[in-house]
Structure formats: C-alpha cells, structure tokens
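Comments concern the structure below.
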Amino acid sequence: MTAVPSPLRLSPAECTCFRVRSAARRVTQIYSRHLAPTGLRISQFSLLGHVIARGPLSISELSELLATDRTTLTRNLRPLLASGVIERTAAGDKRRHELVATVAGRALFRRALPLWAEAEQEVRDAMGTKLIADLHGALDRSMEKLAPL
C-alpha cells in the first residue's frame, strides 16, 4: 500500500510563487526607473528586442520563444503596435501575420539599450557575480523542469 503524502504545512510567506514574484517586482522597479526616459516598460523593451533580433515572426512563434500565452502577449504588444514601433505584416498566404520592428522601433531600442545596460549593471552590482550566476542557473533549470501546461 502506497502512503498518501501529507499536505505541506507552509505559511503564505513561504509560497514559491509569492517569493519569485516579489523578487521580480523589485528587479522590475530598477529597470523601470532606468527605462523611464524612453517610455518603455521592461516587458516592452524585451518584446521589441526579441522582434528586432528574431523578426519577422508570428505571435505564436514569439509566444513560444517567451514562454507566455498568446493572450498575455497580445495585450503586451498592443501599446507597441499602437505607437508604431512594431507592426504586423502579411506573410505568405495573407492569413498569417508577422511582427516586425519599424524604423522608429529600432531607433527607440537603440536609445533604450544603454539605459537597460545601466539597470542590468545595477542589479548585477547589488547581487554580485556568484548570486547572479546561481540565480540564472536556478531559473534556467526551473524552466526546464516546469513544463508548460
């Protein structure tokens, strides 16, 4: 007979999701402060950077690349599309659309890149080389183990 595991007896403060999200909010605040002059949020900077680096690509391809659902991705893309830094173009059969960065989008990204680098350096300086390496390793391993739904 197999024993049924007992439920964890943890407090909400020990919740893994809460702790990861709290750390993410703290880091996001640093990037937000640095990127403020561009009007970009870190999520928008990241989306724009991926479209520039990998584009043209479909929303499905970008969603898979970023490990996010299409609905969330579409919502996060909306301001970038509205401001004209990313645009949708017909690809091949006209039913499929791809995302591409516009000239204005590339210019905005070039302007934001040194500000992002300052934020990245601030986080790395605060955490130190070993903690950054450990964190990156733990996050990479976590993504491998936490299969998508």
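So you can find residues: chains in the structure tokens are A, B, ... in the order shown, residues in each start at 1, and ligands are numbered from 1 in order.
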
Leaving out Thr68 of chain A and any residue of its chain fewer than 5 positions from it, which residues lie within 12 Å of it when counting only C-alpha atoms, given as an mmCIF file with all heavy atoms, in the first residue's frame?
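The new file selection.cif reads:
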data_model
loop_
_atom_site.group_PDB
_atom_site.id
_atom_site.type_symbol
_atom_site.label_atom_id
_atom_site.label_comp_id
_atom_site.auth_asym_id
_atom_site.auth_seq_id
_atom_site.Cartn_x
_atom_site.Cartn_y
_atom_site.Cartn_z
ATOM 1 N N SER A 43 9.047 44.926 -19.969
ATOM 2 C CA SER A 43 8.393 43.909 -20.794
ATOM 3 C C SER A 43 8.322 44.362 -22.252
ATOM 4 O O SER A 43 8.515 43.562 -23.174
ATOM 5 C CB SER A 43 7.002 43.590 -20.265
ATOM 6 O OG SER A 43 6.212 44.767 -20.234
ATOM 7 N N LEU A 47 10.156 42.641 -25.494
ATOM 8 C CA LEU A 47 9.407 42.260 -26.698
ATOM 9 C C LEU A 47 10.017 42.900 -27.940
ATOM 10 O O LEU A 47 10.230 42.222 -28.954
ATOM 11 C CB LEU A 47 7.944 42.681 -26.580
ATOM 12 C CG LEU A 47 7.077 41.893 -25.622
ATOM 13 C CD1 LEU A 47 5.693 42.530 -25.515
ATOM 14 C CD2 LEU A 47 6.967 40.452 -26.063
ATOM 15 N N ILE A 59 3.021 35.830 -33.884
ATOM 16 C CA ILE A 59 2.701 35.924 -32.462
ATOM 17 C C ILE A 59 2.890 34.560 -31.805
ATOM 18 O O ILE A 59 3.406 34.469 -30.698
ATOM 19 C CB ILE A 59 1.273 36.478 -32.245
ATOM 20 C CG1 ILE A 59 1.257 37.965 -32.582
ATOM 21 C CG2 ILE A 59 0.807 36.252 -30.810
ATOM 22 C CD1 ILE A 59 -0.071 38.647 -32.418
ATOM 23 N N SER A 60 2.520 33.495 -32.490
ATOM 24 C CA SER A 60 2.705 32.144 -31.932
ATOM 25 C C SER A 60 4.178 31.842 -31.702
ATOM 26 O O SER A 60 4.549 31.279 -30.664
ATOM 27 C CB SER A 60 2.113 31.099 -32.868
ATOM 28 O OG SER A 60 0.715 31.237 -32.939
ATOM 29 N N GLU A 61 5.019 32.200 -32.660
ATOM 30 C CA GLU A 61 6.454 31.957 -32.505
ATOM 31 C C GLU A 61 7.025 32.775 -31.345
ATOM 32 O O GLU A 61 7.806 32.268 -30.539
ATOM 33 C CB GLU A 61 7.196 32.310 -33.799
ATOM 34 C CG GLU A 61 6.892 31.364 -34.939
ATOM 35 C CD GLU A 61 7.329 31.898 -36.299
ATOM 36 O OE1 GLU A 61 7.426 33.126 -36.475
ATOM 37 O OE2 GLU A 61 7.580 31.059 -37.179
ATOM 38 N N LEU A 62 6.609 34.028 -31.247
ATOM 39 C CA LEU A 62 7.089 34.885 -30.160
ATOM 40 C C LEU A 62 6.570 34.377 -28.816
ATOM 41 O O LEU A 62 7.309 34.355 -27.829
ATOM 42 C CB LEU A 62 6.665 36.333 -30.401
ATOM 43 C CG LEU A 62 7.201 37.379 -29.429
ATOM 44 C CD1 LEU A 62 8.724 37.372 -29.377
ATOM 45 C CD2 LEU A 62 6.677 38.766 -29.799
ATOM 46 N N SER A 63 5.332 33.940 -28.779
ATOM 47 C CA SER A 63 4.734 33.393 -27.563
ATOM 48 C C SER A 63 5.528 32.186 -27.075
ATOM 49 O O SER A 63 5.834 32.064 -25.884
ATOM 50 C CB SER A 63 3.276 33.011 -27.839
ATOM 51 O OG SER A 63 2.729 32.350 -26.745
ATOM 52 N N LEU A 73 0.582 37.954 -24.366
ATOM 53 C CA LEU A 73 1.492 38.545 -25.344
ATOM 54 C C LEU A 73 0.784 39.597 -26.186
ATOM 55 O O LEU A 73 1.304 40.697 -26.396
ATOM 56 C CB LEU A 73 2.092 37.463 -26.241
ATOM 57 C CG LEU A 73 3.038 37.954 -27.330
ATOM 58 C CD1 LEU A 73 4.209 38.725 -26.746
ATOM 59 C CD2 LEU A 73 3.531 36.775 -28.149
ATOM 60 N N THR A 74 -0.408 39.291 -26.650
ATOM 61 C CA THR A 74 -1.178 40.242 -27.464
ATOM 62 C C THR A 74 -1.452 41.519 -26.672
ATOM 63 O O THR A 74 -1.309 42.625 -27.200
ATOM 64 C CB THR A 74 -2.497 39.597 -27.941
ATOM 65 O OG1 THR A 74 -2.172 38.451 -28.735
ATOM 66 C CG2 THR A 74 -3.324 40.560 -28.752
ATOM 67 N N ARG A 75 -1.817 41.381 -25.410
ATOM 68 C CA ARG A 75 -2.066 42.552 -24.554
ATOM 69 C C ARG A 75 -0.794 43.380 -24.386
ATOM 70 O O ARG A 75 -0.827 44.605 -24.447
ATOM 71 C CB ARG A 75 -2.598 42.096 -23.196
ATOM 72 C CG ARG A 75 -2.957 43.237 -22.267
ATOM 73 C CD ARG A 75 -3.542 42.785 -20.940
ATOM 74 N NE ARG A 75 -2.683 41.864 -20.221
ATOM 75 C CZ ARG A 75 -2.946 40.578 -19.997
ATOM 76 N NH1 ARG A 75 -4.071 40.040 -20.421
ATOM 77 N NH2 ARG A 75 -2.110 39.812 -19.342
ATOM 78 N N ASN A 76 0.356 42.718 -24.213
ATOM 79 C CA ASN A 76 1.618 43.433 -24.033
ATOM 80 C C ASN A 76 2.129 44.056 -25.337
ATOM 81 O O ASN A 76 2.852 45.055 -25.301
ATOM 82 C CB ASN A 76 2.680 42.505 -23.444
ATOM 83 C CG ASN A 76 2.393 42.156 -21.997
ATOM 84 O OD1 ASN A 76 1.717 42.892 -21.283
ATOM 85 N ND2 ASN A 76 2.886 41.023 -21.559
ATOM 86 N N PRO A 148 5.391 23.415 -19.657
ATOM 87 C CA PRO A 148 4.188 24.217 -19.922
ATOM 88 C C PRO A 148 2.931 23.368 -19.806
ATOM 89 O O PRO A 148 2.953 22.168 -20.024
ATOM 90 C CB PRO A 148 4.383 24.726 -21.339
ATOM 91 C CG PRO A 148 5.421 23.832 -21.942
ATOM 92 C CD PRO A 148 6.225 23.257 -20.819
ATOM 93 N N LEU A 149 1.839 24.036 -19.462
ATOM 94 C CA LEU A 149 0.553 23.330 -19.324
ATOM 95 C C LEU A 149 0.033 22.856 -20.651
ATOM 96 O O LEU A 149 0.168 23.360 -21.662
ATOM 97 C CB LEU A 149 -0.472 24.245 -18.663
ATOM 98 C CG LEU A 149 -0.106 24.690 -17.253
ATOM 99 C CD1 LEU A 149 -1.152 25.659 -16.727
ATOM 100 C CD2 LEU A 149 -0.013 23.508 -16.326
#

Pick out each residue of segment 95-146 of chain A that DSSP on the backbone tags as strand (DSSP E or B); I need them as an mmCIF file with C-alpha atoms, in the first residue's frame.
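What ended up in result38.cif:
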data_model
loop_
_atom_site.group_PDB
_atom_site.id
_atom_site.type_symbol
_atom_site.label_atom_id
_atom_site.label_comp_id
_atom_site.auth_asym_id
_atom_site.auth_seq_id
_atom_site.Cartn_x
_atom_site.Cartn_y
_atom_site.Cartn_z
ATOM 1 C CA ARG A 96 -0.697 34.706 -41.387
ATOM 2 C CA HIS A 97 0.744 37.897 -39.935
ATOM 3 C CA GLU A 98 4.248 38.507 -38.698
ATOM 4 C CA LEU A 99 5.629 41.104 -36.337
ATOM 5 C CA VAL A 100 8.425 43.390 -37.485
ATOM 6 C CA ALA A 101 10.127 46.351 -35.856
#

**Asked** Which residues come within 12 Å of Leu40 of chain A, counting only C-alpha atoms, excluding same-chain residues fewer than 5 positions away, as an MDAnalysis selection string?
**Response** chainID A and resid 31:35 45:49 76:77 79:80 83 85 105 108:109 111:113 115:116
